[in-house]
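Coordinates from protein-v4.pdb are shown below (PDB, C-alpha atoms and all ligand atoms).
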ATOM      1  CA  MET U   1       0.000   0.000   0.000  1.00  0.00           C
ATOM      2  CA  ALA U   2       1.074   3.563  -0.585  1.00  0.00           C
ATOM      3  CA  THR U   3      -0.137   7.027   0.316  1.00  0.00           C
ATOM      4  CA  LEU U   4      -1.009   9.248  -2.631  1.00  0.00           C
ATOM      5  CA  PRO U   5      -0.754  13.043  -2.971  1.00  0.00           C
ATOM      6  CA  VAL U   6      -4.160  14.722  -2.443  1.00  0.00           C
ATOM      7  CA  LEU U   7      -5.130  17.519  -4.857  1.00  0.00           C
ATOM      8  CA  THR U   8      -6.486  20.740  -3.398  1.00  0.00           C
ATOM      9  CA  ALA U   9      -8.924  23.307  -4.819  1.00  0.00           C
ATOM     10  CA  PRO U  10      -8.832  25.121  -7.205  1.00  0.00           C
ATOM     11  CA  ASP U  11      -7.124  22.222  -9.081  1.00  0.00           C
ATOM     12  CA  PRO U  12      -9.145  21.721 -12.311  1.00  0.00           C
ATOM     13  CA  ARG U  13      -8.851  17.914 -11.980  1.00  0.00           C
ATOM     14  CA  LEU U  14     -11.286  18.144  -9.054  1.00  0.00           C
ATOM     15  CA  LYS U  15     -13.957  19.502 -11.437  1.00  0.00           C
ATOM     16  CA  ARG U  16     -13.981  16.557 -13.868  1.00  0.00           C
ATOM     17  CA  VAL U  17     -16.780  14.001 -14.059  1.00  0.00           C
ATOM     18  CA  SER U  18     -15.228  10.575 -13.321  1.00  0.00           C
ATOM     19  CA  LYS U  19     -15.805   7.467 -15.454  1.00  0.00           C
ATOM     20  CA  PRO U  20     -17.413   4.234 -14.165  1.00  0.00           C
ATOM     21  CA  VAL U  21     -15.097   1.259 -13.637  1.00  0.00           C
ATOM     22  CA  ASP U  22     -15.802  -1.857 -15.733  1.00  0.00           C
ATOM     23  CA  LYS U  23     -14.952  -4.262 -12.960  1.00  0.00           C
ATOM     24  CA  VAL U  24     -13.369  -4.181  -9.499  1.00  0.00           C
ATOM     25  CA  ASP U  25     -10.178  -6.046 -10.393  1.00  0.00           C
ATOM     26  CA  ASP U  26      -6.764  -6.143  -8.711  1.00  0.00           C
ATOM     27  CA  SER U  27      -5.802  -2.687  -9.980  1.00  0.00           C
ATOM     28  CA  ILE U  28      -9.009  -1.110  -8.585  1.00  0.00           C
ATOM     29  CA  ARG U  29      -8.583  -3.031  -5.300  1.00  0.00           C
ATOM     30  CA  ARG U  30      -5.073  -1.635  -5.036  1.00  0.00           C
ATOM     31  CA  LEU U  31      -6.363   1.872  -5.715  1.00  0.00           C
ATOM     32  CA  MET U  32      -9.001   1.393  -2.960  1.00  0.00           C
ATOM     33  CA  ASP U  33      -6.334   0.223  -0.486  1.00  0.00           C
ATOM     34  CA  ASP U  34      -3.999   3.112  -1.359  1.00  0.00           C
ATOM     35  CA  MET U  35      -6.885   5.567  -1.012  1.00  0.00           C
ATOM     36  CA  LEU U  36      -7.769   4.149   2.430  1.00  0.00           C
ATOM     37  CA  GLU U  37      -4.168   4.431   3.554  1.00  0.00           C
ATOM     38  CA  THR U  38      -4.020   8.027   2.260  1.00  0.00           C
ATOM     39  CA  MET U  39      -7.296   8.849   4.030  1.00  0.00           C
ATOM     40  CA  TYR U  40      -6.181   7.332   7.371  1.00  0.00           C
ATOM     41  CA  ALA U  41      -2.813   9.131   7.122  1.00  0.00           C
ATOM     42  CA  SER U  42      -4.647  12.465   6.768  1.00  0.00           C
ATOM     43  CA  ALA U  43      -7.248  11.659   9.469  1.00  0.00           C
ATOM     44  CA  GLY U  44     -10.042  11.916   6.882  1.00  0.00           C
ATOM     45  CA  VAL U  45     -13.321   9.991   6.945  1.00  0.00           C
ATOM     46  CA  GLY U  46     -13.775   9.736   3.178  1.00  0.00           C
ATOM     47  CA  LEU U  47     -11.817  10.039  -0.051  1.00  0.00           C
ATOM     48  CA  ALA U  48     -12.804   9.928  -3.724  1.00  0.00           C
ATOM     49  CA  ALA U  49     -10.464   8.863  -6.564  1.00  0.00           C
ATOM     50  CA  PRO U  50     -10.518  12.298  -8.303  1.00  0.00           C
ATOM     51  CA  GLN U  51      -8.947  13.746  -5.139  1.00  0.00           C
ATOM     52  CA  VAL U  52      -5.831  11.715  -5.931  1.00  0.00           C
ATOM     53  CA  GLY U  53      -6.021  12.691  -9.629  1.00  0.00           C
ATOM     54  CA  ILE U  54      -7.761   9.528 -10.874  1.00  0.00           C
ATOM     55  CA  ALA U  55     -10.996  10.151 -12.776  1.00  0.00           C
ATOM     56  CA  LYS U  56     -12.674   6.852 -11.815  1.00  0.00           C
ATOM     57  CA  ARG U  57     -15.891   6.362  -9.858  1.00  0.00           C
ATOM     58  CA  VAL U  58     -14.246   4.920  -6.729  1.00  0.00           C
ATOM     59  CA  ILE U  59     -14.744   6.116  -3.135  1.00  0.00           C
ATOM     60  CA  VAL U  60     -13.616   4.922   0.291  1.00  0.00           C
ATOM     61  CA  MET U  61     -14.914   5.865   3.736  1.00  0.00           C
ATOM     62  CA  ASP U  62     -14.557   5.000   7.390  1.00  0.00           C
ATOM     63  CA  ILE U  63     -16.669   6.880   9.897  1.00  0.00           C
ATOM     64  CA  ALA U  64     -15.632   4.802  12.938  1.00  0.00           C
ATOM     65  CA  ARG U  65     -14.712   7.091  15.819  1.00  0.00           C
ATOM     66  CA  GLU U  66     -11.356   7.150  17.514  1.00  0.00           C
ATOM     67  CA  GLY U  67     -10.999   4.078  19.726  1.00  0.00           C
ATOM     68  CA  GLU U  68     -13.562   2.082  17.708  1.00  0.00           C
ATOM     69  CA  ASP U  69     -12.547  -0.715  15.346  1.00  0.00           C
ATOM     70  CA  PRO U  70     -11.986   0.559  11.795  1.00  0.00           C
ATOM     71  CA  LYS U  71     -14.936   0.004   9.442  1.00  0.00           C
ATOM     72  CA  PRO U  72     -13.509   0.664   5.976  1.00  0.00           C
ATOM     73  CA  LEU U  73     -16.027   0.942   3.136  1.00  0.00           C
ATOM     74  CA  LYS U  74     -14.865   0.529  -0.457  1.00  0.00           C
ATOM     75  CA  MET U  75     -17.231   1.399  -3.286  1.00  0.00           C
ATOM     76  CA  ALA U  76     -17.052   1.559  -7.062  1.00  0.00           C
ATOM     77  CA  ASN U  77     -19.769   3.114  -9.254  1.00  0.00           C
ATOM     78  CA  PRO U  78     -21.909   4.197  -6.271  1.00  0.00           C
ATOM     79  CA  GLU U  79     -25.366   5.472  -7.267  1.00  0.00           C
ATOM     80  CA  ILE U  80     -28.083   7.027  -5.178  1.00  0.00           C
ATOM     81  CA  LEU U  81     -31.334   5.103  -5.692  1.00  0.00           C
ATOM     82  CA  TRP U  82     -33.411   7.147  -3.242  1.00  0.00           C
ATOM     83  CA  ARG U  83     -32.998  10.243  -1.050  1.00  0.00           C
ATOM     84  CA  SER U  84     -35.222  11.357   1.827  1.00  0.00           C
ATOM     85  CA  ASP U  85     -37.183  14.608   1.614  1.00  0.00           C
ATOM     86  CA  GLU U  86     -36.051  15.390   5.144  1.00  0.00           C
ATOM     87  CA  GLU U  87     -32.665  17.136   5.280  1.00  0.00           C
ATOM     88  CA  ILE U  88     -30.032  17.530   7.993  1.00  0.00           C
ATOM     89  CA  VAL U  89     -27.253  20.065   8.391  1.00  0.00           C
ATOM     90  CA  CYS U  90     -23.725  18.779   9.027  1.00  0.00           C
ATOM     91  CA  GLU U  91     -20.471  20.683   9.295  1.00  0.00           C
ATOM     92  CA  GLU U  92     -18.395  19.445   6.358  1.00  0.00           C
ATOM     93  CA  GLY U  93     -14.716  19.640   5.599  1.00  0.00           C
ATOM     94  CA  CYS U  94     -12.651  18.067   2.829  1.00  0.00           C
ATOM     95  CA  LEU U  95      -9.031  16.994   2.374  1.00  0.00           C
ATOM     96  CA  SER U  96      -9.098  18.921  -0.942  1.00  0.00           C
ATOM     97  CA  VAL U  97     -10.320  22.117   0.760  1.00  0.00           C
ATOM     98  CA  PRO U  98      -7.883  22.190   3.695  1.00  0.00           C
ATOM     99  CA  ASP U  99      -8.846  23.917   6.946  1.00  0.00           C
ATOM    100  CA  GLN U 100     -12.225  25.116   5.659  1.00  0.00           C
ATOM    101  CA  TYR U 101     -15.556  23.999   7.134  1.00  0.00           C
ATOM    102  CA  SER U 102     -19.139  24.875   6.250  1.00  0.00           C
ATOM    103  CA  GLU U 103     -22.573  23.792   7.389  1.00  0.00           C
ATOM    104  CA  ILE U 104     -24.235  22.021   4.461  1.00  0.00           C
ATOM    105  CA  SER U 105     -27.827  20.810   4.266  1.00  0.00           C
ATOM    106  CA  ARG U 106     -28.407  17.481   2.492  1.00  0.00           C
ATOM    107  CA  PRO U 107     -31.007  14.695   2.473  1.00  0.00           C
ATOM    108  CA  LYS U 108     -30.915  12.939   5.865  1.00  0.00           C
ATOM    109  CA  ALA U 109     -31.105   9.398   4.426  1.00  0.00           C
ATOM    110  CA  VAL U 110     -30.171   7.726   1.137  1.00  0.00           C
ATOM    111  CA  LYS U 111     -30.346   4.279  -0.418  1.00  0.00           C
ATOM    112  CA  ILE U 112     -27.368   3.460  -2.613  1.00  0.00           C
ATOM    113  CA  ARG U 113     -26.125   0.690  -4.894  1.00  0.00           C
ATOM    114  CA  TYR U 114     -22.425   0.021  -5.554  1.00  0.00           C
ATOM    115  CA  LEU U 115     -19.791  -2.598  -6.329  1.00  0.00           C
ATOM    116  CA  ASP U 116     -17.786  -3.638  -3.287  1.00  0.00           C
ATOM    117  CA  GLY U 117     -14.099  -4.601  -3.123  1.00  0.00           C
ATOM    118  CA  GLU U 118     -14.980  -8.093  -4.414  1.00  0.00           C
ATOM    119  CA  ASN U 119     -16.936  -6.750  -7.426  1.00  0.00           C
ATOM    120  CA  GLU U 120     -20.245  -7.803  -5.792  1.00  0.00           C
ATOM    121  CA  ILE U 121     -23.308  -5.569  -6.269  1.00  0.00           C
ATOM    122  CA  ARG U 122     -24.519  -4.282  -2.907  1.00  0.00           C
ATOM    123  CA  GLU U 123     -27.252  -1.992  -1.676  1.00  0.00           C
ATOM    124  CA  MET U 124     -27.105   0.035   1.521  1.00  0.00           C
ATOM    125  CA  ASP U 125     -29.428   2.278   3.503  1.00  0.00           C
ATOM    126  CA  ALA U 126     -27.557   5.077   5.224  1.00  0.00           C
ATOM    127  CA  ASP U 127     -28.648   7.968   7.357  1.00  0.00           C
ATOM    128  CA  GLY U 128     -27.186  10.780   9.418  1.00  0.00           C
ATOM    129  CA  PHE U 129     -23.462  11.391   9.129  1.00  0.00           C
ATOM    130  CA  LEU U 130     -22.840   8.320   6.919  1.00  0.00           C
ATOM    131  CA  ALA U 131     -25.483   9.555   4.440  1.00  0.00           C
ATOM    132  CA  THR U 132     -23.805  12.992   4.398  1.00  0.00           C
ATOM    133  CA  CYS U 133     -20.409  11.394   3.865  1.00  0.00           C
ATOM    134  CA  ILE U 134     -21.647   9.216   0.958  1.00  0.00           C
ATOM    135  CA  GLN U 135     -23.273  12.213  -0.754  1.00  0.00           C
ATOM    136  CA  HIS U 136     -20.106  14.315  -0.280  1.00  0.00           C
ATOM    137  CA  GLU U 137     -17.939  11.579  -1.862  1.00  0.00           C
ATOM    138  CA  ILE U 138     -20.355  10.919  -4.767  1.00  0.00           C
ATOM    139  CA  ASP U 139     -20.359  14.685  -5.420  1.00  0.00           C
ATOM    140  CA  HIS U 140     -16.570  14.439  -5.968  1.00  0.00           C
ATOM    141  CA  LEU U 141     -17.202  11.872  -8.745  1.00  0.00           C
ATOM    142  CA  ASN U 142     -19.354  14.498 -10.464  1.00  0.00           C
ATOM    143  CA  GLY U 143     -16.793  17.285 -10.056  1.00  0.00           C
ATOM    144  CA  ILE U 144     -18.671  18.922  -7.165  1.00  0.00           C
ATOM    145  CA  LEU U 145     -17.011  20.133  -3.943  1.00  0.00           C
ATOM    146  CA  PHE U 146     -18.886  20.904  -0.701  1.00  0.00           C
ATOM    147  CA  ILE U 147     -18.094  24.584  -1.230  1.00  0.00           C
ATOM    148  CA  ASP U 148     -20.225  24.408  -4.404  1.00  0.00           C
ATOM    149  CA  HIS U 149     -23.218  24.075  -2.060  1.00  0.00           C
ATOM    150  CA  ILE U 150     -22.557  27.436  -0.348  1.00  0.00           C
ATOM    151  CA  SER U 151     -23.007  30.989  -1.673  1.00  0.00           C
ATOM    152  CA  ALA U 152     -20.713  32.097  -4.511  1.00  0.00           C
ATOM    153  CA  LEU U 153     -19.464  34.944  -2.331  1.00  0.00           C
ATOM    154  CA  LYS U 154     -18.314  32.633   0.505  1.00  0.00           C
ATOM    155  CA  ARG U 155     -16.919  30.132  -2.004  1.00  0.00           C
ATOM    156  CA  ASN U 156     -14.818  32.747  -3.787  1.00  0.00           C
ATOM    157  CA  ILE U 157     -13.309  33.874  -0.501  1.00  0.00           C
ATOM    158  CA  ILE U 158     -12.322  30.278   0.346  1.00  0.00           C
ATOM    159  CA  VAL U 159     -10.937  29.508  -3.130  1.00  0.00           C
ATOM    160  CA  ARG U 160      -8.864  32.695  -3.190  1.00  0.00           C
ATOM    161  CA  LYS U 161      -7.427  31.815   0.237  1.00  0.00           C
ATOM    162  CA  LEU U 162      -6.525  28.302  -0.951  1.00  0.00           C
ATOM    163  CA  ALA U 163      -4.947  29.538  -4.190  1.00  0.00           C
ATOM    164  CA  LYS U 164      -2.813  31.953  -2.195  1.00  0.00           C
ATOM    165  CA  ALA U 165      -1.799  29.280   0.353  1.00  0.00           C
ATOM    166  CA  ARG U 166      -0.819  26.951  -2.465  1.00  0.00           C
ATOM    167  CA  LYS U 167       1.309  29.591  -4.171  1.00  0.00           C
ATOM    168  CA  LEU U 168       3.138  30.221  -0.896  1.00  0.00           C
ATOM    169  CA  SER U 169       3.863  26.522  -0.364  1.00  0.00           C
ATOM    170  CA  GLU U 170       5.161  25.927  -3.883  1.00  0.00           C
ATOM    171  CA  PRO U 171       8.932  25.868  -4.115  1.00  0.00           C
ATOM    172  CA  SER U 172      10.270  28.917  -5.893  1.00  0.00           C
ATOM    173  CA  LEU U 173      11.730  28.292  -9.336  1.00  0.00           C
ATOM    174  CA  LEU U 174      15.420  29.035  -9.571  1.00  0.00           C
TER     175      LEU U 174
HETATM  176 ZN    ZN U 201     -14.152  15.859   0.012  1.00  0.00          ZN
END

Please lay out the structure from this file as structure tokens.
Amino acid sequence: MATLPVLTAPDPRLKRVSKPVDKVDDSIRRLMDDMLETMYASAGVGLAAPQVGIAKRVIVMDIAREGEDPKPLKMANPEILWRSDEEIVCEEGCLSVPDQYSEISRPKAVKIRYLDGENEIREMDADGFLATCIQHEIDHLNGILFIDHISALKRNIIVRKLAKARKLSEPSLL
């Protein structure tokens, strides 16, 4: 397993729509494992393949709390089959939008279908924080960041801050 570099906004690769995988084979399983390792190393609870520059519909998550046993979830081609009318507000952050948090309202519960790490079709009912997490990660596969759910004014402030921070951390060219 290996940790992968995580792209940060406003990287244009985060805005692409990712392609479905044909099959969860060894190369996709390896990607899922590397993504989990990357996510754990950054103390994240979810990661989508486009965040590591790979435009494939693959996401990983683990919402187990500190001290609980890890519960890694690996999903390819996740689709939302149903969403509740009721919404909840969660404070969201993202490894691709470092140090920024916003309260986002989303459907409280979803039913999804996906391929697991063994290429088996599975369905899952999720609600609360897990439902928020799944919707956040599926958004990444469609080129959508959580800051796209807030006002353009607030989003522009955040993106400008990130662009500036990135410029400062880039090595100067000599
Ligand atoms: Zn994210």

Expand the PyMOL selection byres (((not hetatm)) within 8 of (chain U and resi 201)) into the individual residues it matches in the shown file, reporting them as a list of chain:residue names.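 Matching residues under the PyMOL selection byres (((not hetatm)) within 8 of (chain U and resi 201)) are U:Gly46, U:Leu47, U:Ala48, U:Gln51, U:Gly93, U:Cys94, U:Leu95, U:Ser96, U:Val97, U:His136, U:Glu137, U:His140, U:Leu145, U:Phe146.
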
Selected residue of minimal separation from Ile138 (chain U) among U:Pro107, U:Pro78, U:Pro10, U:Pro98, counting all atoms listed in the file: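 When distances to Ile138 (chain U) are compared using all atoms listed in the file, the smallest one comes from U:Pro78.
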
Selection near Asp25 (chain U), 10 Å with all atoms listed in the file, sequence-local residues under 3 positions removed, as a short mmCIF file (atom, residue, chain, number, x, y, z; two decimals) with C-alpha atoms, in the coordinates of the input:
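What landed in part_6.cif:
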data_model
loop_
_atom_site.label_atom_id
_atom_site.label_comp_id
_atom_site.auth_asym_id
_atom_site.auth_seq_id
_atom_site.Cartn_x
_atom_site.Cartn_y
_atom_site.Cartn_z
CA VAL U 21 -15.10 1.26 -13.64
CA ASP U 22 -15.80 -1.86 -15.73
CA ILE U 28 -9.01 -1.11 -8.59
CA ARG U 29 -8.58 -3.03 -5.30
CA ARG U 30 -5.07 -1.64 -5.04
CA LEU U 31 -6.36 1.87 -5.72
CA GLY U 117 -14.10 -4.60 -3.12
CA GLU U 118 -14.98 -8.09 -4.41
CA ASN U 119 -16.94 -6.75 -7.43
#

Suppose a student applies the PyMOL selection byres (((chain U and resi 79) around 8) and not hetatm) to this structure; what residues should they get, written as a VMD selection string? chain U and resid 77 to 78 80 to 81 112 to 114 138

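For the atom pair formed by CA of Lys167 (chain U) and CA of Ala2 (chain U), the distance is 26.3 Å, given to one decimal.
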
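Considering only C-alpha atoms, the residue among U:Glu92, U:Glu86, U:Glu66, U:Asp34 positioned nearest to Gln135 (chain U) is U:Glu92.
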
So which residues get picked by the PyMOL selection byres (((chain U and resi 127) around 7) and not hetatm) here, written as a PyMOL selection string? chain U and resi 108-110+125-126+128-131

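What separates CA of Arg106 (chain U) from CA of Cys133 (chain U) is a distance of 10.1 Å.
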